[in-house]
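Enquirer: entry-v9.pdb is reproduced in full below (PDB, C-alpha atoms).
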ATOM      1  CA  MET A   1       2.222 -12.995  -8.786  1.00  0.00           C
ATOM      2  CA  ILE A   2      -0.687 -10.680  -8.149  1.00  0.00           C
ATOM      3  CA  TRP A   3      -3.920 -12.526  -8.893  1.00  0.00           C
ATOM      4  CA  HIS A   4      -6.098  -9.428  -9.496  1.00  0.00           C
ATOM      5  CA  PRO A   5      -4.014  -6.305 -10.173  1.00  0.00           C
ATOM      6  CA  GLN A   6      -5.732  -3.087  -9.091  1.00  0.00           C
ATOM      7  CA  PRO A   7      -5.171   0.415 -10.497  1.00  0.00           C
ATOM      8  CA  GLY A   8      -2.875   2.423  -8.237  1.00  0.00           C
ATOM      9  CA  GLN A   9      -1.083  -0.675  -6.912  1.00  0.00           C
ATOM     10  CA  ARG A  10       2.723  -0.366  -6.714  1.00  0.00           C
ATOM     11  CA  VAL A  11       4.392  -3.304  -8.489  1.00  0.00           C
ATOM     12  CA  GLU A  12       7.721  -4.741  -9.569  1.00  0.00           C
ATOM     13  CA  LEU A  13       8.205  -6.644 -12.831  1.00  0.00           C
ATOM     14  CA  HIS A  14       9.822 -10.082 -12.741  1.00  0.00           C
ATOM     15  CA  TYR A  15      10.950 -12.085 -15.753  1.00  0.00           C
ATOM     16  CA  LYS A  16      12.553 -15.507 -16.122  1.00  0.00           C
ATOM     17  CA  ARG A  17      16.260 -15.547 -16.916  1.00  0.00           C
ATOM     18  CA  SER A  18      15.836 -16.062 -20.676  1.00  0.00           C
ATOM     19  CA  MET A  19      13.554 -12.993 -20.977  1.00  0.00           C
ATOM     20  CA  ARG A  20      15.637 -10.555 -18.920  1.00  0.00           C
ATOM     21  CA  CYS A  21      17.243  -9.118 -22.046  1.00  0.00           C
ATOM     22  CA  ASN A  22      14.145  -6.907 -22.476  1.00  0.00           C
ATOM     23  CA  GLY A  23      15.447  -4.541 -19.771  1.00  0.00           C
ATOM     24  CA  LEU A  24      12.278  -4.634 -17.672  1.00  0.00           C
ATOM     25  CA  HIS A  25      13.321  -7.156 -15.004  1.00  0.00           C
ATOM     26  CA  LEU A  26      12.981  -5.573 -11.524  1.00  0.00           C
ATOM     27  CA  ALA A  27      11.502  -2.350 -12.952  1.00  0.00           C
ATOM     28  CA  LEU A  28       9.133  -0.532 -10.580  1.00  0.00           C
ATOM     29  CA  GLY A  29       5.853   1.105 -11.498  1.00  0.00           C
ATOM     30  CA  VAL A  30       2.161   1.587 -10.806  1.00  0.00           C
ATOM     31  CA  VAL A  31      -0.743  -0.326 -12.342  1.00  0.00           C
ATOM     32  CA  THR A  32      -2.892   2.083 -14.368  1.00  0.00           C
ATOM     33  CA  VAL A  33      -5.352  -0.358 -15.975  1.00  0.00           C
ATOM     34  CA  ALA A  34      -5.996  -4.068 -15.433  1.00  0.00           C
ATOM     35  CA  GLY A  35      -8.005  -6.549 -17.465  1.00  0.00           C
ATOM     36  CA  SER A  36     -10.880  -8.342 -15.787  1.00  0.00           C
ATOM     37  CA  GLY A  37     -10.910 -11.563 -17.829  1.00  0.00           C
ATOM     38  CA  PRO A  38     -12.060 -14.052 -18.883  1.00  0.00           C
ATOM     39  CA  GLY A  39      -8.915 -15.228 -20.536  1.00  0.00           C
ATOM     40  CA  PRO A  40      -5.434 -13.838 -20.009  1.00  0.00           C
ATOM     41  CA  ILE A  41      -5.346 -10.945 -17.572  1.00  0.00           C
ATOM     42  CA  ASN A  42      -2.864  -8.235 -18.491  1.00  0.00           C
ATOM     43  CA  ALA A  43      -2.081  -4.965 -16.779  1.00  0.00           C
ATOM     44  CA  ALA A  44      -0.866  -1.606 -18.051  1.00  0.00           C
ATOM     45  CA  VAL A  45       1.993  -0.502 -15.805  1.00  0.00           C
ATOM     46  CA  LYS A  46       3.392   3.027 -15.817  1.00  0.00           C
ATOM     47  CA  LEU A  47       7.062   2.614 -14.937  1.00  0.00           C
ATOM     48  CA  ASP A  48       8.988   5.096 -12.826  1.00  0.00           C
ATOM     49  CA  ASN A  49      10.848   6.247 -15.951  1.00  0.00           C
ATOM     50  CA  GLY A  50       7.530   7.370 -17.513  1.00  0.00           C
ATOM     51  CA  ARG A  51       7.190   4.475 -19.946  1.00  0.00           C
ATOM     52  CA  THR A  52       3.922   2.476 -20.030  1.00  0.00           C
ATOM     53  CA  VAL A  53       4.077  -1.263 -20.730  1.00  0.00           C
ATOM     54  CA  ILE A  54       1.476  -4.033 -20.934  1.00  0.00           C
ATOM     55  CA  VAL A  55       2.483  -7.143 -18.988  1.00  0.00           C
ATOM     56  CA  PRO A  56       0.789 -10.426 -18.027  1.00  0.00           C
ATOM     57  CA  ARG A  57      -0.244 -10.633 -14.374  1.00  0.00           C
ATOM     58  CA  GLY A  58       2.208 -13.503 -13.893  1.00  0.00           C
ATOM     59  CA  ASN A  59       5.083 -11.061 -14.339  1.00  0.00           C
ATOM     60  CA  ILE A  60       4.059  -8.583 -11.670  1.00  0.00           C
ATOM     61  CA  VAL A  61       4.606  -8.825  -7.930  1.00  0.00           C
ATOM     62  CA  GLU A  62       3.815  -6.403  -5.145  1.00  0.00           C
ATOM     63  CA  ALA A  63       6.661  -3.926  -4.610  1.00  0.00           C
ATOM     64  CA  LYS A  64       8.134  -4.434  -1.159  1.00  0.00           C
ATOM     65  CA  GLY A  65       9.505  -1.660   1.037  1.00  0.00           C
ATOM     66  CA  GLU A  66       7.666   1.117  -0.770  1.00  0.00           C
TER      67      GLU A  66
END
So that I can check it, write out the structure of this file as structure tokens.
Expert:
Amino acid sequence: MIWHPQPGQRVELHYKRSMRCNGLHLALGVVTVAGSGPGPINAAVKLDNGRTVIVPRGNIVEAKGE
């Protein structure tokens, strides 16, 4: 998990097994906007396929090998 996502940061989405049916597990993208809190911190991630999704910070990890 990335504690404070930053715009421009390359990330990979991770979901628990029961939520993988959404098709976003292991998708790669770049953080475009991140919330600053207080409360739940979400991030807007522009995926490599051009789609933008809003995800909780607990579902994003730093992309390795990029």
Enquirer: Quick one: apply the PyMOL selection byres ((chain A and resi 25) around 10) to the file and drop the selected residues here as an MDAnalysis selection string.
Expert: chainID A and resid 12:17 19:24 26:28 59:60
Enquirer: Between atom CA of A:Lys64 and atom CA of A:Gln9, what is the spacing in Å?
Expert: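 Distance reported for this atom pair: 11.5 Å.
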Enquirer: Any chance you could resolve the PyMOL selection byres ((chain A and resi 52) around 12) against this file and give the residues as a VMD selection string?
Expert: chain A and resid 24 27 to 33 43 to 51 53 to 55
Enquirer: Determine the residue membership of the PyMOL selection byres ((chain A and resi 5) around 10) for the file above and supply it as a ChimeraX atom specification.
Expert: /A:1-4,6-11,31-36,41-44,57,60-62
Enquirer: Kindly compute an axis-aligned box around the listed atoms of stretch 49-62 of chain A, allowing 6 Å on each side, and express its centre and edge lengths in Å to one decimal as JSON.
Expert:
{"center_x": 5.3, "center_y": -3.1, "center_z": -13.0, "size_x": 23.1, "size_y": 32.9, "size_z": 27.8}
Enquirer: For stretch 14-48 of chain A, supply N, CA and C atoms and format the output as a PDB file, in the frame of the given file.
Expert:
ATOM      1  N   HIS A  14       8.887  -8.963 -12.842  1.00  0.00           N
ATOM      2  CA  HIS A  14       9.822 -10.082 -12.741  1.00  0.00           C
ATOM      3  C   HIS A  14       9.732 -10.918 -14.005  1.00  0.00           C
ATOM      4  N   TYR A  15      10.883 -11.266 -14.555  1.00  0.00           N
ATOM      5  CA  TYR A  15      10.950 -12.085 -15.753  1.00  0.00           C
ATOM      6  C   TYR A  15      11.902 -13.250 -15.539  1.00  0.00           C
ATOM      7  N   LYS A  16      11.637 -14.371 -16.218  1.00  0.00           N
ATOM      8  CA  LYS A  16      12.553 -15.507 -16.122  1.00  0.00           C
ATOM      9  C   LYS A  16      13.876 -15.133 -16.800  1.00  0.00           C
ATOM     10  N   ARG A  17      14.907 -15.867 -16.477  1.00  0.00           N
ATOM     11  CA  ARG A  17      16.260 -15.547 -16.916  1.00  0.00           C
ATOM     12  C   ARG A  17      16.366 -15.342 -18.430  1.00  0.00           C
ATOM     13  N   SER A  18      15.706 -16.166 -19.223  1.00  0.00           N
ATOM     14  CA  SER A  18      15.836 -16.062 -20.676  1.00  0.00           C
ATOM     15  C   SER A  18      15.143 -14.825 -21.256  1.00  0.00           C
ATOM     16  N   MET A  19      14.264 -14.179 -20.493  1.00  0.00           N
ATOM     17  CA  MET A  19      13.554 -12.993 -20.977  1.00  0.00           C
ATOM     18  C   MET A  19      14.089 -11.689 -20.379  1.00  0.00           C
ATOM     19  N   ARG A  20      15.126 -11.751 -19.590  1.00  0.00           N
ATOM     20  CA  ARG A  20      15.637 -10.555 -18.920  1.00  0.00           C
ATOM     21  C   ARG A  20      16.346  -9.590 -19.859  1.00  0.00           C
ATOM     22  N   CYS A  21      16.577  -9.996 -21.088  1.00  0.00           N
ATOM     23  CA  CYS A  21      17.243  -9.118 -22.046  1.00  0.00           C
ATOM     24  C   CYS A  21      16.342  -7.947 -22.451  1.00  0.00           C
ATOM     25  N   ASN A  22      15.051  -7.989 -22.101  1.00  0.00           N
ATOM     26  CA  ASN A  22      14.145  -6.907 -22.476  1.00  0.00           C
ATOM     27  C   ASN A  22      14.341  -5.643 -21.644  1.00  0.00           C
ATOM     28  N   GLY A  23      15.136  -5.715 -20.575  1.00  0.00           N
ATOM     29  CA  GLY A  23      15.447  -4.541 -19.771  1.00  0.00           C
ATOM     30  C   GLY A  23      14.381  -4.150 -18.764  1.00  0.00           C
ATOM     31  N   LEU A  24      13.361  -4.971 -18.592  1.00  0.00           N
ATOM     32  CA  LEU A  24      12.278  -4.634 -17.672  1.00  0.00           C
ATOM     33  C   LEU A  24      12.342  -5.396 -16.358  1.00  0.00           C
ATOM     34  N   HIS A  25      13.242  -6.368 -16.235  1.00  0.00           N
ATOM     35  CA  HIS A  25      13.321  -7.156 -15.004  1.00  0.00           C
ATOM     36  C   HIS A  25      13.652  -6.244 -13.822  1.00  0.00           C
ATOM     37  N   LEU A  26      12.863  -6.343 -12.771  1.00  0.00           N
ATOM     38  CA  LEU A  26      12.981  -5.573 -11.524  1.00  0.00           C
ATOM     39  C   LEU A  26      12.614  -4.095 -11.672  1.00  0.00           C
ATOM     40  N   ALA A  27      11.966  -3.733 -12.788  1.00  0.00           N
ATOM     41  CA  ALA A  27      11.502  -2.350 -12.952  1.00  0.00           C
ATOM     42  C   ALA A  27      10.313  -2.110 -12.022  1.00  0.00           C
ATOM     43  N   LEU A  28      10.221  -0.904 -11.485  1.00  0.00           N
ATOM     44  CA  LEU A  28       9.133  -0.532 -10.580  1.00  0.00           C
ATOM     45  C   LEU A  28       8.148   0.374 -11.294  1.00  0.00           C
ATOM     46  N   GLY A  29       6.868   0.253 -10.902  1.00  0.00           N
ATOM     47  CA  GLY A  29       5.853   1.105 -11.498  1.00  0.00           C
ATOM     48  C   GLY A  29       4.534   0.982 -10.769  1.00  0.00           C
ATOM     49  N   VAL A  30       3.507   1.573 -11.377  1.00  0.00           N
ATOM     50  CA  VAL A  30       2.161   1.587 -10.806  1.00  0.00           C
ATOM     51  C   VAL A  30       1.187   1.074 -11.853  1.00  0.00           C
ATOM     52  N   VAL A  31       0.284   0.193 -11.440  1.00  0.00           N
ATOM     53  CA  VAL A  31      -0.743  -0.326 -12.342  1.00  0.00           C
ATOM     54  C   VAL A  31      -1.706   0.807 -12.663  1.00  0.00           C
ATOM     55  N   THR A  32      -1.942   1.047 -13.972  1.00  0.00           N
ATOM     56  CA  THR A  32      -2.892   2.083 -14.368  1.00  0.00           C
ATOM     57  C   THR A  32      -4.217   1.474 -14.812  1.00  0.00           C
ATOM     58  N   VAL A  33      -4.153   0.329 -15.493  1.00  0.00           N
ATOM     59  CA  VAL A  33      -5.352  -0.358 -15.975  1.00  0.00           C
ATOM     60  C   VAL A  33      -5.090  -1.850 -15.874  1.00  0.00           C
ATOM     61  N   ALA A  34      -6.135  -2.613 -15.505  1.00  0.00           N
ATOM     62  CA  ALA A  34      -5.996  -4.068 -15.433  1.00  0.00           C
ATOM     63  C   ALA A  34      -7.199  -4.719 -16.100  1.00  0.00           C
ATOM     64  N   GLY A  35      -6.929  -5.798 -16.842  1.00  0.00           N
ATOM     65  CA  GLY A  35      -8.005  -6.549 -17.465  1.00  0.00           C
ATOM     66  C   GLY A  35      -8.792  -7.319 -16.412  1.00  0.00           C
ATOM     67  N   SER A  36     -10.041  -7.633 -16.747  1.00  0.00           N
ATOM     68  CA  SER A  36     -10.880  -8.342 -15.787  1.00  0.00           C
ATOM     69  C   SER A  36     -11.158  -9.784 -16.192  1.00  0.00           C
ATOM     70  N   GLY A  37     -10.684 -10.204 -17.375  1.00  0.00           N
ATOM     71  CA  GLY A  37     -10.910 -11.563 -17.829  1.00  0.00           C
ATOM     72  C   GLY A  37     -12.249 -11.648 -18.545  1.00  0.00           C
ATOM     73  N   PRO A  38     -12.745 -12.769 -18.961  1.00  0.00           N
ATOM     74  CA  PRO A  38     -12.060 -14.052 -18.883  1.00  0.00           C
ATOM     75  C   PRO A  38     -10.886 -14.096 -19.851  1.00  0.00           C
ATOM     76  N   GLY A  39     -10.093 -15.109 -19.703  1.00  0.00           N
ATOM     77  CA  GLY A  39      -8.915 -15.228 -20.536  1.00  0.00           C
ATOM     78  C   GLY A  39      -7.708 -14.632 -19.852  1.00  0.00           C
ATOM     79  N   PRO A  40      -6.651 -14.396 -20.606  1.00  0.00           N
ATOM     80  CA  PRO A  40      -5.434 -13.838 -20.009  1.00  0.00           C
ATOM     81  C   PRO A  40      -5.704 -12.460 -19.417  1.00  0.00           C
ATOM     82  N   ILE A  41      -5.192 -12.247 -18.216  1.00  0.00           N
ATOM     83  CA  ILE A  41      -5.346 -10.945 -17.572  1.00  0.00           C
ATOM     84  C   ILE A  41      -4.022 -10.210 -17.652  1.00  0.00           C
ATOM     85  N   ASN A  42      -4.042  -9.073 -18.344  1.00  0.00           N
ATOM     86  CA  ASN A  42      -2.864  -8.235 -18.491  1.00  0.00           C
ATOM     87  C   ASN A  42      -3.080  -6.939 -17.722  1.00  0.00           C
ATOM     88  N   ALA A  43      -1.994  -6.239 -17.476  1.00  0.00           N
ATOM     89  CA  ALA A  43      -2.081  -4.965 -16.779  1.00  0.00           C
ATOM     90  C   ALA A  43      -1.194  -3.951 -17.476  1.00  0.00           C
ATOM     91  N   ALA A  44      -1.682  -2.717 -17.560  1.00  0.00           N
ATOM     92  CA  ALA A  44      -0.866  -1.606 -18.051  1.00  0.00           C
ATOM     93  C   ALA A  44      -0.152  -1.039 -16.833  1.00  0.00           C
ATOM     94  N   VAL A  45       1.181  -0.987 -16.915  1.00  0.00           N
ATOM     95  CA  VAL A  45       1.993  -0.502 -15.805  1.00  0.00           C
ATOM     96  C   VAL A  45       2.775   0.714 -16.263  1.00  0.00           C
ATOM     97  N   LYS A  46       2.601   1.824 -15.533  1.00  0.00           N
ATOM     98  CA  LYS A  46       3.392   3.027 -15.817  1.00  0.00           C
ATOM     99  C   LYS A  46       4.645   2.940 -14.969  1.00  0.00           C
ATOM    100  N   LEU A  47       5.791   2.764 -15.627  1.00  0.00           N
ATOM    101  CA  LEU A  47       7.062   2.614 -14.937  1.00  0.00           C
ATOM    102  C   LEU A  47       7.539   3.950 -14.381  1.00  0.00           C
ATOM    103  N   ASP A  48       8.455   3.889 -13.446  1.00  0.00           N
ATOM    104  CA  ASP A  48       8.988   5.096 -12.826  1.00  0.00           C
ATOM    105  C   ASP A  48       9.697   6.005 -13.829  1.00  0.00           C
TER     106      ASP A  48
END
